[in-house]
file start.cif (mmCIF, C-alpha atoms)
data_protein
loop_
_atom_site.group_PDB
_atom_site.id
_atom_site.type_symbol
_atom_site.label_atom_id
_atom_site.label_comp_id
_atom_site.auth_asym_id
_atom_site.auth_seq_id
_atom_site.Cartn_x
_atom_site.Cartn_y
_atom_site.Cartn_z
ATOM 1 C CA MET Q 175 7.579 -8.623 9.562
ATOM 2 C CA TYR Q 176 5.401 -10.122 6.861
ATOM 3 C CA GLY Q 177 7.209 -8.067 4.215
ATOM 4 C CA PHE Q 178 6.332 -6.733 0.809
ATOM 5 C CA GLY Q 179 8.169 -9.654 -0.789
ATOM 6 C CA GLU Q 180 5.702 -12.081 0.777
ATOM 7 C CA MET Q 181 2.752 -9.903 -0.229
ATOM 8 C CA ILE Q 182 4.000 -9.746 -3.807
ATOM 9 C CA SER Q 183 4.482 -13.523 -3.861
ATOM 10 C CA ARG Q 184 0.862 -13.959 -2.789
ATOM 11 C CA LEU Q 185 -0.334 -11.513 -5.427
ATOM 12 C CA LYS Q 186 1.657 -13.270 -8.152
ATOM 13 C CA LYS Q 187 -0.340 -16.406 -7.389
ATOM 14 C CA SER Q 188 -3.602 -14.446 -7.549
ATOM 15 C CA PRO Q 189 -3.144 -11.101 -9.386
ATOM 16 C CA LYS Q 190 -5.525 -8.261 -8.550
ATOM 17 C CA THR Q 191 -6.801 -5.073 -10.172
ATOM 18 C CA ILE Q 192 -6.701 -1.804 -8.249
ATOM 19 C CA VAL Q 193 -8.512 1.455 -8.983
ATOM 20 C CA LEU Q 194 -6.334 4.547 -8.661
ATOM 21 C CA THR Q 195 -8.703 7.487 -8.687
ATOM 22 C CA ASP Q 196 -6.173 10.301 -9.235
ATOM 23 C CA GLY Q 197 -5.247 9.261 -12.771
ATOM 24 C CA GLU Q 198 -3.395 12.390 -13.878
ATOM 25 C CA ASP Q 199 -1.295 12.829 -10.730
ATOM 26 C CA PRO Q 200 2.445 12.281 -11.411
ATOM 27 C CA ARG Q 201 2.844 10.235 -8.201
ATOM 28 C CA ILE Q 202 0.062 7.904 -9.287
ATOM 29 C CA LEU Q 203 1.535 7.634 -12.776
ATOM 30 C CA GLU Q 204 4.995 6.789 -11.435
ATOM 31 C CA ALA Q 205 3.587 4.083 -9.163
ATOM 32 C CA SER Q 206 1.411 2.768 -12.011
ATOM 33 C CA SER Q 207 4.421 2.552 -14.299
ATOM 34 C CA ARG Q 208 6.210 0.457 -11.711
ATOM 35 C CA LEU Q 209 3.171 -1.789 -11.193
ATOM 36 C CA LEU Q 210 2.731 -2.277 -14.936
ATOM 37 C CA ALA Q 211 6.320 -3.495 -15.170
ATOM 38 C CA SER Q 212 5.316 -6.337 -12.837
ATOM 39 C CA ASN Q 213 2.698 -9.044 -13.299
ATOM 40 C CA PHE Q 214 0.907 -9.130 -9.966
ATOM 41 C CA LEU Q 215 -1.197 -5.951 -9.675
ATOM 42 C CA TYR Q 216 -2.897 -4.145 -12.522
ATOM 43 C CA PRO Q 217 -3.906 -0.474 -12.143
ATOM 44 C CA ILE Q 218 -7.127 1.028 -13.446
ATOM 45 C CA LEU Q 219 -6.626 4.779 -13.766
ATOM 46 C CA ILE Q 220 -9.572 7.162 -13.573
ATOM 47 C CA GLY Q 221 -9.554 10.167 -15.862
ATOM 48 C CA ASN Q 222 -9.705 11.400 -19.419
ATOM 49 C CA PRO Q 223 -7.470 8.996 -21.415
ATOM 50 C CA GLU Q 224 -5.864 11.720 -23.535
ATOM 51 C CA ARG Q 225 -5.041 13.856 -20.508
ATOM 52 C CA VAL Q 226 -3.787 10.869 -18.498
ATOM 53 C CA MET Q 227 -1.493 9.734 -21.337
ATOM 54 C CA ALA Q 228 -0.285 13.309 -21.897
ATOM 55 C CA ALA Q 229 0.495 13.684 -18.177
ATOM 56 C CA ALA Q 230 2.404 10.388 -18.205
ATOM 57 C CA GLU Q 231 4.397 11.406 -21.277
ATOM 58 C CA GLU Q 232 5.180 14.810 -19.788
ATOM 59 C CA SER Q 233 6.416 13.172 -16.571
ATOM 60 C CA GLY Q 234 8.352 10.472 -18.443
ATOM 61 C CA PHE Q 235 6.415 7.444 -17.166
ATOM 62 C CA ASN Q 236 5.487 4.477 -19.334
ATOM 63 C CA ILE Q 237 1.894 3.451 -18.610
ATOM 64 C CA ARG Q 238 1.224 1.578 -21.839
ATOM 65 C CA GLY Q 239 -1.149 -1.264 -21.090
ATOM 66 C CA ALA Q 240 -2.922 0.525 -18.266
ATOM 67 C CA LEU Q 241 -6.704 0.563 -18.265
ATOM 68 C CA ILE Q 242 -8.006 4.134 -18.216
ATOM 69 C CA PHE Q 243 -11.688 4.624 -17.436
ATOM 70 C CA ASP Q 244 -13.332 7.980 -18.014
ATOM 71 C CA PRO Q 245 -16.488 8.750 -15.975
ATOM 72 C CA GLU Q 246 -17.512 11.190 -18.716
ATOM 73 C CA ASN Q 247 -17.422 8.496 -21.389
ATOM 74 C CA TYR Q 248 -17.903 5.058 -19.846
ATOM 75 C CA ASP Q 249 -19.607 2.380 -21.946
ATOM 76 C CA ALA Q 250 -21.365 0.709 -19.017
ATOM 77 C CA MET Q 251 -22.498 3.919 -17.298
ATOM 78 C CA ASP Q 252 -26.189 3.003 -17.631
ATOM 79 C CA ASP Q 253 -25.590 -0.243 -15.736
ATOM 80 C CA MET Q 254 -23.586 1.629 -13.108
ATOM 81 C CA VAL Q 255 -26.324 4.239 -12.694
ATOM 82 C CA ASN Q 256 -28.934 1.518 -12.214
ATOM 83 C CA ALA Q 257 -26.766 -0.256 -9.642
ATOM 84 C CA PHE Q 258 -26.092 3.022 -7.831
ATOM 85 C CA CYS Q 259 -29.799 3.854 -7.671
ATOM 86 C CA GLU Q 260 -30.551 0.418 -6.236
ATOM 87 C CA LEU Q 261 -27.892 0.855 -3.561
ATOM 88 C CA ARG Q 262 -29.189 4.326 -2.671
ATOM 89 C CA LYS Q 263 -32.909 3.716 -3.128
ATOM 90 C CA SER Q 264 -33.605 4.388 0.551
ATOM 91 C CA LYS Q 265 -32.386 7.947 -0.111
ATOM 92 C CA GLY Q 266 -34.586 8.303 -3.183
ATOM 93 C CA VAL Q 267 -31.676 8.954 -5.550
ATOM 94 C CA THR Q 268 -32.832 9.543 -9.136
ATOM 95 C CA PRO Q 269 -30.934 8.341 -12.234
ATOM 96 C CA GLU Q 270 -30.062 11.959 -13.034
ATOM 97 C CA GLU Q 271 -28.625 12.489 -9.550
ATOM 98 C CA ALA Q 272 -26.743 9.186 -9.748
ATOM 99 C CA ARG Q 273 -25.229 10.057 -13.118
ATOM 100 C CA LYS Q 274 -24.044 13.413 -11.787
ATOM 101 C CA THR Q 275 -22.552 11.847 -8.640
ATOM 102 C CA LEU Q 276 -20.774 9.152 -10.640
ATOM 103 C CA LYS Q 277 -18.868 11.776 -12.616
ATOM 104 C CA ALA Q 278 -16.714 12.167 -9.459
ATOM 105 C CA PRO Q 279 -13.702 9.807 -9.579
ATOM 106 C CA ASN Q 280 -14.107 8.695 -5.946
ATOM 107 C CA TYR Q 281 -17.711 7.543 -6.483
ATOM 108 C CA PHE Q 282 -17.036 6.150 -9.952
ATOM 109 C CA GLY Q 283 -14.012 4.188 -8.717
ATOM 110 C CA THR Q 284 -15.864 2.843 -5.685
ATOM 111 C CA MET Q 285 -18.652 1.568 -7.944
ATOM 112 C CA LEU Q 286 -16.061 -0.260 -10.065
ATOM 113 C CA VAL Q 287 -15.139 -2.203 -6.923
ATOM 114 C CA LYS Q 288 -18.770 -2.709 -5.895
ATOM 115 C CA MET Q 289 -19.636 -4.108 -9.333
ATOM 116 C CA GLY Q 290 -16.683 -6.522 -9.299
ATOM 117 C CA ILE Q 291 -14.818 -4.799 -12.141
ATOM 118 C CA ALA Q 292 -11.890 -4.126 -9.778
ATOM 119 C CA ASP Q 293 -10.750 -5.839 -6.591
ATOM 120 C CA CYS Q 294 -9.831 -2.784 -4.535
ATOM 121 C CA LEU Q 295 -9.320 0.972 -4.580
ATOM 122 C CA LEU Q 296 -6.669 3.452 -3.497
ATOM 123 C CA GLY Q 297 -7.588 7.140 -3.510
ATOM 124 C CA GLY Q 298 -7.055 10.402 -1.718
ATOM 125 C CA ALA Q 299 -3.834 11.692 -3.267
ATOM 126 C CA THR Q 300 -5.688 14.886 -4.176
ATOM 127 C CA TYR Q 301 -8.723 14.818 -1.870
ATOM 128 C CA SER Q 302 -9.581 14.262 1.781
ATOM 129 C CA THR Q 303 -9.964 11.035 3.738
ATOM 130 C CA ALA Q 304 -13.646 11.892 4.171
ATOM 131 C CA ASP Q 305 -14.079 11.869 0.392
ATOM 132 C CA THR Q 306 -12.642 8.341 0.284
ATOM 133 C CA VAL Q 307 -14.650 7.043 3.219
ATOM 134 C CA ARG Q 308 -18.032 8.554 2.286
ATOM 135 C CA PRO Q 309 -18.621 6.593 -0.959
ATOM 136 C CA ALA Q 310 -17.149 3.482 0.638
ATOM 137 C CA LEU Q 311 -19.679 3.682 3.480
ATOM 138 C CA GLN Q 312 -22.567 4.377 1.117
ATOM 139 C CA LEU Q 313 -21.732 1.752 -1.507
ATOM 140 C CA ILE Q 314 -19.321 -0.895 -0.156
ATOM 141 C CA LYS Q 315 -20.704 -0.676 3.397
ATOM 142 C CA THR Q 316 -19.321 -2.214 6.578
ATOM 143 C CA LYS Q 317 -18.937 -5.939 7.131
ATOM 144 C CA PRO Q 318 -22.000 -7.511 8.782
ATOM 145 C CA GLU Q 319 -20.268 -7.889 12.137
ATOM 146 C CA ASN Q 320 -18.960 -4.299 12.155
ATOM 147 C CA SER Q 321 -20.649 -1.071 13.194
ATOM 148 C CA VAL Q 322 -17.885 1.379 12.218
ATOM 149 C CA VAL Q 323 -15.144 1.904 9.697
ATOM 150 C CA SER Q 324 -11.842 2.493 11.448
ATOM 151 C CA SER Q 325 -8.193 2.763 10.480
ATOM 152 C CA CYS Q 326 -4.782 1.436 11.314
ATOM 153 C CA PHE Q 327 -1.268 2.665 10.719
ATOM 154 C CA ILE Q 328 1.547 0.125 10.459
ATOM 155 C CA LEU Q 329 4.857 1.566 11.604
ATOM 156 C CA VAL Q 330 8.100 -0.118 10.564
ATOM 157 C CA ARG Q 331 11.663 0.567 11.731
ATOM 158 C CA PRO Q 332 14.783 -1.506 10.997
ATOM 159 C CA SER Q 333 16.429 -2.792 14.156
ATOM 160 C CA ALA Q 334 20.077 -3.537 14.976
ATOM 161 C CA THR Q 335 19.401 -7.277 14.735
ATOM 162 C CA GLY Q 336 18.344 -6.964 11.095
ATOM 163 C CA ASP Q 337 14.672 -7.638 11.764
ATOM 164 C CA ASN Q 338 12.100 -4.903 11.378
ATOM 165 C CA GLU Q 339 10.373 -3.507 14.439
ATOM 166 C CA VAL Q 340 6.676 -3.368 13.546
ATOM 167 C CA LEU Q 341 3.888 -1.634 15.466
ATOM 168 C CA ALA Q 342 0.175 -1.198 14.796
ATOM 169 C CA MET Q 343 -1.754 1.905 15.860
ATOM 170 C CA GLY Q 344 -5.477 2.705 15.650
ATOM 171 C CA ASP Q 345 -7.670 4.553 15.177
ATOM 172 C CA CYS Q 346 -5.566 7.497 14.019
ATOM 173 C CA ALA Q 347 -7.586 8.814 11.084
ATOM 174 C CA ILE Q 348 -11.334 8.103 11.060
ATOM 175 C CA ASN Q 349 -13.280 8.115 14.335
ATOM 176 C CA ILE Q 350 -13.007 11.397 16.210
ATOM 177 C CA CYS Q 351 -14.048 10.153 19.647
ATOM 178 C CA PRO Q 352 -15.043 6.468 19.551
ATOM 179 C CA SER Q 353 -17.246 4.979 22.253
ATOM 180 C CA GLU Q 354 -16.246 2.101 24.522
ATOM 181 C CA ASP Q 355 -17.996 -0.421 22.267
ATOM 182 C CA GLN Q 356 -16.444 1.079 19.149
ATOM 183 C CA LEU Q 357 -12.980 0.964 20.729
ATOM 184 C CA ALA Q 358 -13.465 -2.736 21.495
ATOM 185 C CA GLU Q 359 -14.443 -3.360 17.866
ATOM 186 C CA ILE Q 360 -11.523 -1.268 16.613
ATOM 187 C CA CYS Q 361 -9.197 -3.360 18.792
ATOM 188 C CA GLY Q 362 -10.187 -6.557 16.967
ATOM 189 C CA GLU Q 363 -9.798 -4.982 13.520
ATOM 190 C CA VAL Q 364 -6.394 -3.437 14.312
ATOM 191 C CA ALA Q 365 -5.133 -6.730 15.791
ATOM 192 C CA ASP Q 366 -6.219 -8.622 12.661
ATOM 193 C CA CYS Q 367 -4.479 -6.045 10.474
ATOM 194 C CA ALA Q 368 -1.315 -6.349 12.576
ATOM 195 C CA LYS Q 369 -1.271 -10.109 11.966
ATOM 196 C CA ILE Q 370 -1.150 -9.549 8.198
ATOM 197 C CA PHE Q 371 2.185 -7.808 8.775
ATOM 198 C CA GLY Q 372 3.574 -10.620 10.905
ATOM 199 C CA VAL Q 373 2.841 -8.987 14.266
ATOM 200 C CA ASP Q 374 1.723 -11.223 17.127
ATOM 201 C CA PRO Q 375 -0.546 -8.568 18.650
ATOM 202 C CA LYS Q 376 -0.196 -7.553 22.277
ATOM 203 C CA VAL Q 377 -2.737 -4.774 22.715
ATOM 204 C CA ALA Q 378 -2.494 -1.717 24.937
ATOM 205 C CA PHE Q 379 -5.504 0.560 25.526
ATOM 206 C CA LEU Q 380 -3.633 3.813 26.097
ATOM 207 C CA SER Q 381 -4.404 6.420 28.732
ATOM 208 C CA TYR Q 382 -2.731 8.886 31.090
ATOM 209 C CA SER Q 383 -3.483 6.320 33.811
ATOM 210 C CA THR Q 384 -2.214 2.796 34.439
ATOM 211 C CA LEU Q 385 -4.728 0.430 36.045
ATOM 212 C CA GLY Q 386 -6.373 3.054 38.232
ATOM 213 C CA SER Q 387 -3.441 5.356 38.961
ATOM 214 C CA GLY Q 388 -5.394 8.293 37.532
ATOM 215 C CA LYS Q 389 -9.031 9.321 37.581
ATOM 216 C CA GLY Q 390 -11.381 10.861 35.056
ATOM 217 C CA GLU Q 391 -13.960 10.133 32.375
ATOM 218 C CA ASP Q 392 -11.313 9.337 29.756
ATOM 219 C CA VAL Q 393 -9.636 6.873 32.104
ATOM 220 C CA THR Q 394 -12.931 5.141 32.812
ATOM 221 C CA LYS Q 395 -13.690 4.962 29.096
ATOM 222 C CA MET Q 396 -10.409 3.229 28.258
ATOM 223 C CA ARG Q 397 -10.671 0.877 31.244
ATOM 224 C CA ASN Q 398 -14.183 -0.158 30.242
ATOM 225 C CA ALA Q 399 -13.237 -0.438 26.566
ATOM 226 C CA ALA Q 400 -10.346 -2.739 27.446
ATOM 227 C CA ALA Q 401 -12.656 -4.902 29.570
ATOM 228 C CA LYS Q 402 -15.157 -5.147 26.707
ATOM 229 C CA ALA Q 403 -12.382 -6.052 24.257
ATOM 230 C CA LYS Q 404 -11.115 -8.780 26.587
ATOM 231 C CA ALA Q 405 -14.606 -10.268 26.738
ATOM 232 C CA LYS Q 406 -15.034 -9.972 22.968
ATOM 233 C CA PHE Q 407 -11.595 -11.403 22.081
ATOM 234 C CA PRO Q 408 -10.624 -13.753 24.945
ATOM 235 C CA ALA Q 409 -7.621 -15.197 23.083
ATOM 236 C CA LEU Q 410 -6.086 -11.766 22.454
ATOM 237 C CA PRO Q 411 -3.572 -10.398 25.010
ATOM 238 C CA ILE Q 412 -4.994 -7.026 26.081
ATOM 239 C CA GLU Q 413 -4.086 -4.560 28.815
ATOM 240 C CA GLY Q 414 -5.714 -1.312 29.777
ATOM 241 C CA GLU Q 415 -6.043 1.298 30.748
ATOM 242 C CA ILE Q 416 -2.268 1.760 30.541
ATOM 243 C CA GLN Q 417 0.249 4.569 30.035
ATOM 244 C CA PHE Q 418 2.525 4.374 27.019
ATOM 245 C CA ASP Q 419 5.725 4.011 29.037
ATOM 246 C CA ALA Q 420 4.294 1.081 30.981
ATOM 247 C CA ALA Q 421 3.080 -0.457 27.730
ATOM 248 C CA VAL Q 422 6.497 -0.500 26.029
ATOM 249 C CA SER Q 423 9.169 -0.386 28.747
ATOM 250 C CA PRO Q 424 9.762 -3.621 30.721
ATOM 251 C CA ARG Q 425 11.472 -1.617 33.470
ATOM 252 C CA VAL Q 426 8.509 0.735 33.917
ATOM 253 C CA ALA Q 427 6.066 -2.163 33.617
ATOM 254 C CA ARG Q 428 7.759 -3.992 36.496
ATOM 255 C CA THR Q 429 6.979 -0.996 38.698
ATOM 256 C CA LYS Q 430 3.512 -0.018 37.475
ATOM 257 C CA CYS Q 431 1.896 -3.346 36.576
ATOM 258 C CA PRO Q 432 4.200 -6.293 37.314
ATOM 259 C CA GLU Q 433 1.493 -8.932 36.846
ATOM 260 C CA SER Q 434 0.613 -7.932 33.283
ATOM 261 C CA GLU Q 435 1.611 -10.166 30.360
ATOM 262 C CA VAL Q 436 1.234 -7.241 27.921
ATOM 263 C CA ALA Q 437 2.885 -4.391 29.830
ATOM 264 C CA GLY Q 438 6.418 -3.702 28.640
ATOM 265 C CA HIS Q 439 5.877 -5.692 25.444
ATOM 266 C CA ALA Q 440 2.901 -4.051 23.709
ATOM 267 C CA ASN Q 441 3.079 -3.701 19.932
ATOM 268 C CA THR Q 442 -0.528 -2.840 19.088
ATOM 269 C CA PHE Q 443 -1.942 0.408 20.451
ATOM 270 C CA ILE Q 444 -5.523 1.614 20.781
ATOM 271 C CA PHE Q 445 -5.817 5.361 21.273
ATOM 272 C CA PRO Q 446 -8.681 7.108 23.104
ATOM 273 C CA ASP Q 447 -9.472 9.469 20.216
ATOM 274 C CA ILE Q 448 -8.272 10.772 16.872
ATOM 275 C CA ASN Q 449 -6.324 13.627 18.487
ATOM 276 C CA SER Q 450 -4.025 11.369 20.471
ATOM 277 C CA GLY Q 451 -3.847 8.745 17.718
ATOM 278 C CA ASN Q 452 -2.889 11.133 14.936
ATOM 279 C CA ILE Q 453 -0.344 12.901 17.126
ATOM 280 C CA GLY Q 454 1.055 9.618 18.405
ATOM 281 C CA TYR Q 455 1.744 7.956 15.055
ATOM 282 C CA LYS Q 456 3.272 11.150 13.655
ATOM 283 C CA ILE Q 457 5.633 11.467 16.633
ATOM 284 C CA ALA Q 458 6.760 7.888 16.015
ATOM 285 C CA GLN Q 459 7.177 8.633 12.309
ATOM 286 C CA ARG Q 460 9.032 11.928 12.591
ATOM 287 C CA LEU Q 461 11.057 11.502 15.801
ATOM 288 C CA GLY Q 462 11.256 7.719 16.032
ATOM 289 C CA ASN Q 463 12.332 7.143 12.416
ATOM 290 C CA PHE Q 464 9.480 4.755 11.703
ATOM 291 C CA GLU Q 465 8.061 4.366 8.212
ATOM 292 C CA ALA Q 466 4.279 4.814 8.459
ATOM 293 C CA TYR Q 467 1.955 2.877 6.157
ATOM 294 C CA GLY Q 468 -1.657 3.969 6.150
ATOM 295 C CA PRO Q 469 -4.274 4.842 6.977
ATOM 296 C CA ILE Q 470 -5.393 1.295 6.241
ATOM 297 C CA LEU Q 471 -9.193 1.349 6.383
ATOM 298 C CA LEU Q 472 -10.783 -1.454 8.387
ATOM 299 C CA GLY Q 473 -14.272 -2.877 8.672
ATOM 300 C CA LEU Q 474 -15.394 -2.516 5.032
ATOM 301 C CA ASN Q 475 -16.692 -5.275 2.755
ATOM 302 C CA ALA Q 476 -13.878 -4.616 0.256
ATOM 303 C CA PRO Q 477 -10.406 -3.064 0.515
ATOM 304 C CA ILE Q 478 -10.665 0.718 0.065
ATOM 305 C CA ASN Q 479 -7.678 2.733 1.195
ATOM 306 C CA ASP Q 480 -6.707 6.349 1.483
ATOM 307 C CA LEU Q 481 -3.486 8.171 0.671
ATOM 308 C CA SER Q 482 -2.091 11.204 2.400
ATOM 309 C CA ARG Q 483 -2.179 14.241 0.137
ATOM 310 C CA GLY Q 484 1.501 14.635 1.009
ATOM 311 C CA CYS Q 485 2.388 11.133 -0.201
ATOM 312 C CA ASN Q 486 5.130 10.292 -2.674
ATOM 313 C CA ALA Q 487 5.210 7.696 -5.452
ATOM 314 C CA ILE Q 488 6.935 5.093 -3.273
ATOM 315 C CA GLU Q 489 4.147 5.388 -0.700
ATOM 316 C CA VAL Q 490 1.541 5.027 -3.458
ATOM 317 C CA TYR Q 491 3.255 1.860 -4.706
ATOM 318 C CA SER Q 492 3.532 0.435 -1.182
ATOM 319 C CA MET Q 493 -0.085 1.242 -0.288
ATOM 320 C CA ALA Q 494 -1.277 -0.277 -3.567
ATOM 321 C CA ILE Q 495 0.406 -3.558 -2.634
ATOM 322 C CA ILE Q 496 -1.003 -3.453 0.913
ATOM 323 C CA THR Q 497 -4.506 -2.701 -0.373
ATOM 324 C CA ALA Q 498 -4.393 -5.531 -2.900
ATOM 325 C CA ALA Q 499 -3.012 -7.953 -0.308
ATOM 326 C CA LEU Q 500 -6.130 -7.306 1.769
ATOM 327 C CA ALA Q 501 -8.402 -8.250 -1.153
#

call {"tool": "encode", "arguments": {"input": "start.cif", "output": "structure tokens"}}
result
Amino acid sequence: MYGFGEMISRLKKSPKTIVLTDGEDPRILEASSRLLASNFLYPILIGNPERVMAAAEESGFNIRGALIFDPENYDAMDDMVNAFCELRKSKGVTPEEARKTLKAPNYFGTMLVKMGIADCLLGGATYSTADTVRPALQLIKTKPENSVVSSCFILVRPSATGDNEVLAMGDCAINICPSEDQLAEICGEVADCAKIFGVDPKVAFLSYSTLGSGKGEDVTKMRNAAAKAKAKFPALPIEGEIQFDAAVSPRVARTKCPESEVAGHANTFIFPDINSGNIGYKIAQRLGNFEAYGPILLGLNAPINDLSRGCNAIEVYSMAIITAALA
């Protein structure tokens, strides 16, 4: 795996700034304290400075040196309001509406990234994924070649040989029921994300059918999506539609699809919908003893990532490094 040590080495050569929108949260403060003790990633905390410092002192975390920006008292708010209105002019947003919206940490923090004041953002410790994605879509927007924002989870498990077993799974958090074309696009984004973690992607489009063994609309969707992905990314090993056992077990693959170069060796998985994706990664995490990193948001013009509301400080620290490494 392309480990955190390598990511940190890269960041030391080119340090980044990261917005952490939940400035008073003890998990954010603990992770910020750890980041501030390093010299490769500098947190910008959003919140009232007095309350943020009081929360840090109460929790016993040293955040001296951290930048703390308060949406209620920000020197460059007029410039931010003007920029926000320009970005949202098609919606007819007034300066008064913009100023009110920018009081919210998720919008304020996203504008810090959009205006180049910060390199990336990590939010969602105290609010939903939708509240992270919405301002990102409105302000950062998707990359020119992308039509959707999607997500990837990286799952890591130590193996007996000493190397980590690393898998990539998408989309497990954003798109409820992606179309064939969206699944093909998601495939490319998830494969690129997998490469950042040292995975040589072998992609399986998952289904309850393997190469025609089952019938149904969902089977047809995954078969067609796999075909479109193969045409879109001809150098990427892709198989589908394929059942999970055939995707990961060489023995099963020899029976169900012996001619496939991916079957039995897949490490990058495209799920039909958010139901199966979310269930699948959590089964791997809870029963398979994998560490799950994500959701890593894909397809945006700048790195914006989301935390689980059940995260701990170690996960915040890890996701901050991942987010900055994508910048």

call {"tool": "resolve_selection", "arguments": {"input": "start.cif", "expression": "the PyMOL selection byres ((chain Q and resi 472-489) around 9)", "output": "PyMOL selection string"}}
result
chain Q and resi 200-205+284+287-288+293-303+306-307+310-311+314-326+360+363-364+367+467-471+490-494+497-501

call {"tool": "atom_distance", "arguments": {"input": "start.cif", "atom1": "atom CA of Ala342 of chain Q", "atom2": "atom CA of Phe178 of chain Q"}}
result
16.3 Å

call {"tool": "closest_residue", "arguments": {"input": "start.cif", "among": "Q:Met343, Q:Leu194, Q:Leu329, Q:Ala427", "to": "Thr384 of chain Q", "atoms": "all atoms listed in the file"}}
result
Q:Ala427

call {"tool": "residues_around", "arguments": {"input": "start.cif", "residues": "Leu210 of chain Q", "least_positions_apart": "2", "cutoff": "12 Å", "atoms": "all atoms listed in the file", "output": "list in words"}}
result
Pro189, Thr191, Ile192, Ile202, Leu203, Glu204, Ala205, Ser206, Ser207, Arg208, Ser212, Asn213, Phe214, Leu215, Tyr216, Pro217, Ile218, Leu219, Phe235, Asn236, Ile237, Arg238, Gly239, Ala240, Leu241 and Tyr491 of chain Q

call {"tool": "atom_distance", "arguments": {"input": "start.cif", "atom1": "atom CA of Gln417 of chain Q", "atom2": "atom CA of Ala347 of chain Q"}}
result
20.9 Å

call {"tool": "atom_distance", "arguments": {"input": "start.cif", "atom1": "atom CA of Met396 of chain Q", "atom2": "atom CA of Asn338 of chain Q"}}
result
29.3 Å

call {"tool": "resolve_selection", "arguments": {"input": "start.cif", "expression": "the PyMOL selection byres ((chain Q and resi 271-275) around 9)", "output": "list in words"}}
result
Met251, Asp252, Met254, Val255, Asn256, Phe258, Cys259, Arg262, Val267, Thr268, Pro269, Glu270, Leu276, Lys277, Ala278, Tyr281 and Phe282 of chain Q

call {"tool": "closest_residue", "arguments": {"input": "start.cif", "among": "Q:Ala403, Q:Ala378, Q:Gly388, Q:Thr335", "to": "Glu359 of chain Q", "atoms": "all atoms listed in the file"}}
result
Q:Ala403

call {"tool": "axis_aligned_box", "arguments": {"input": "start.cif", "around": "segment 436-455 of chain Q", "padding_each_side": "4 Å", "output": "JSON"}}
result
{"center_x": -1.5, "center_y": 3.2, "center_z": 22.4, "size_x": 23.9, "size_y": 28.9, "size_z": 22.9}

call {"tool": "resolve_selection", "arguments": {"input": "start.cif", "expression": "the PyMOL selection byres ((chain Q and resi 349) around 10)", "output": "PyMOL selection string"}}
result
chain Q and resi 322-325+344-348+350-353+356-357+360+446-449

call {"tool": "closest_residue", "arguments": {"input": "start.cif", "among": "Q:Pro309, Q:Glu413, Q:Glu231, Q:Glu391", "to": "Glu433 of chain Q", "atoms": "all atoms listed in the file"}}
result
Q:Glu413

call {"tool": "residues_around", "arguments": {"input": "start.cif", "residues": "Asn222 of chain Q", "least_positions_apart": "6", "cutoff": "10 Å", "atoms": "only C-alpha atoms", "output": "MDAnalysis selection string"}}
result
chainID Q and resid 197:198 228 242:247

call {"tool": "residues_near_point", "arguments": {"input": "start.cif", "point": "(-7.6, -11.8, 25.0)", "cutoff": "12 Å", "atoms": "only C-alpha atoms", "output": "count of residues only"}}
result
25

call {"tool": "closest_residue", "arguments": {"input": "start.cif", "among": "Q:Val226, Q:Pro332, Q:Gly372, Q:Thr394", "to": "Glu354 of chain Q", "atoms": "all atoms listed in the file"}}
result
Q:Thr394

call {"tool": "decode", "arguments": {"input": "start.cif", "residues": "segment 453-466 of chain Q", "atoms": "C-alpha atoms", "output": "short mmCIF file (atom, residue, chain, number, x, y, z; two decimals), in the first residue's frame"}}
result
data_model
loop_
_atom_site.label_atom_id
_atom_site.label_comp_id
_atom_site.auth_asym_id
_atom_site.auth_seq_id
_atom_site.Cartn_x
_atom_site.Cartn_y
_atom_site.Cartn_z
CA ILE Q 453 -23.80 -2.51 3.26
CA GLY Q 454 -20.84 -4.11 1.51
CA TYR Q 455 -18.10 -1.85 2.86
CA LYS Q 456 -19.53 -2.02 6.38
CA ILE Q 457 -19.59 -5.83 6.30
CA ALA Q 458 -15.92 -5.78 5.28
CA GLN Q 459 -15.17 -3.28 8.04
CA ARG Q 460 -17.05 -4.96 10.87
CA LEU Q 461 -16.74 -8.67 10.04
CA GLY Q 462 -13.62 -8.66 7.87
CA ASN Q 463 -11.50 -6.53 10.22
CA PHE Q 464 -10.69 -3.97 7.55
CA GLU Q 465 -9.96 -0.36 8.45
CA ALA Q 466 -12.23 1.83 6.30
#
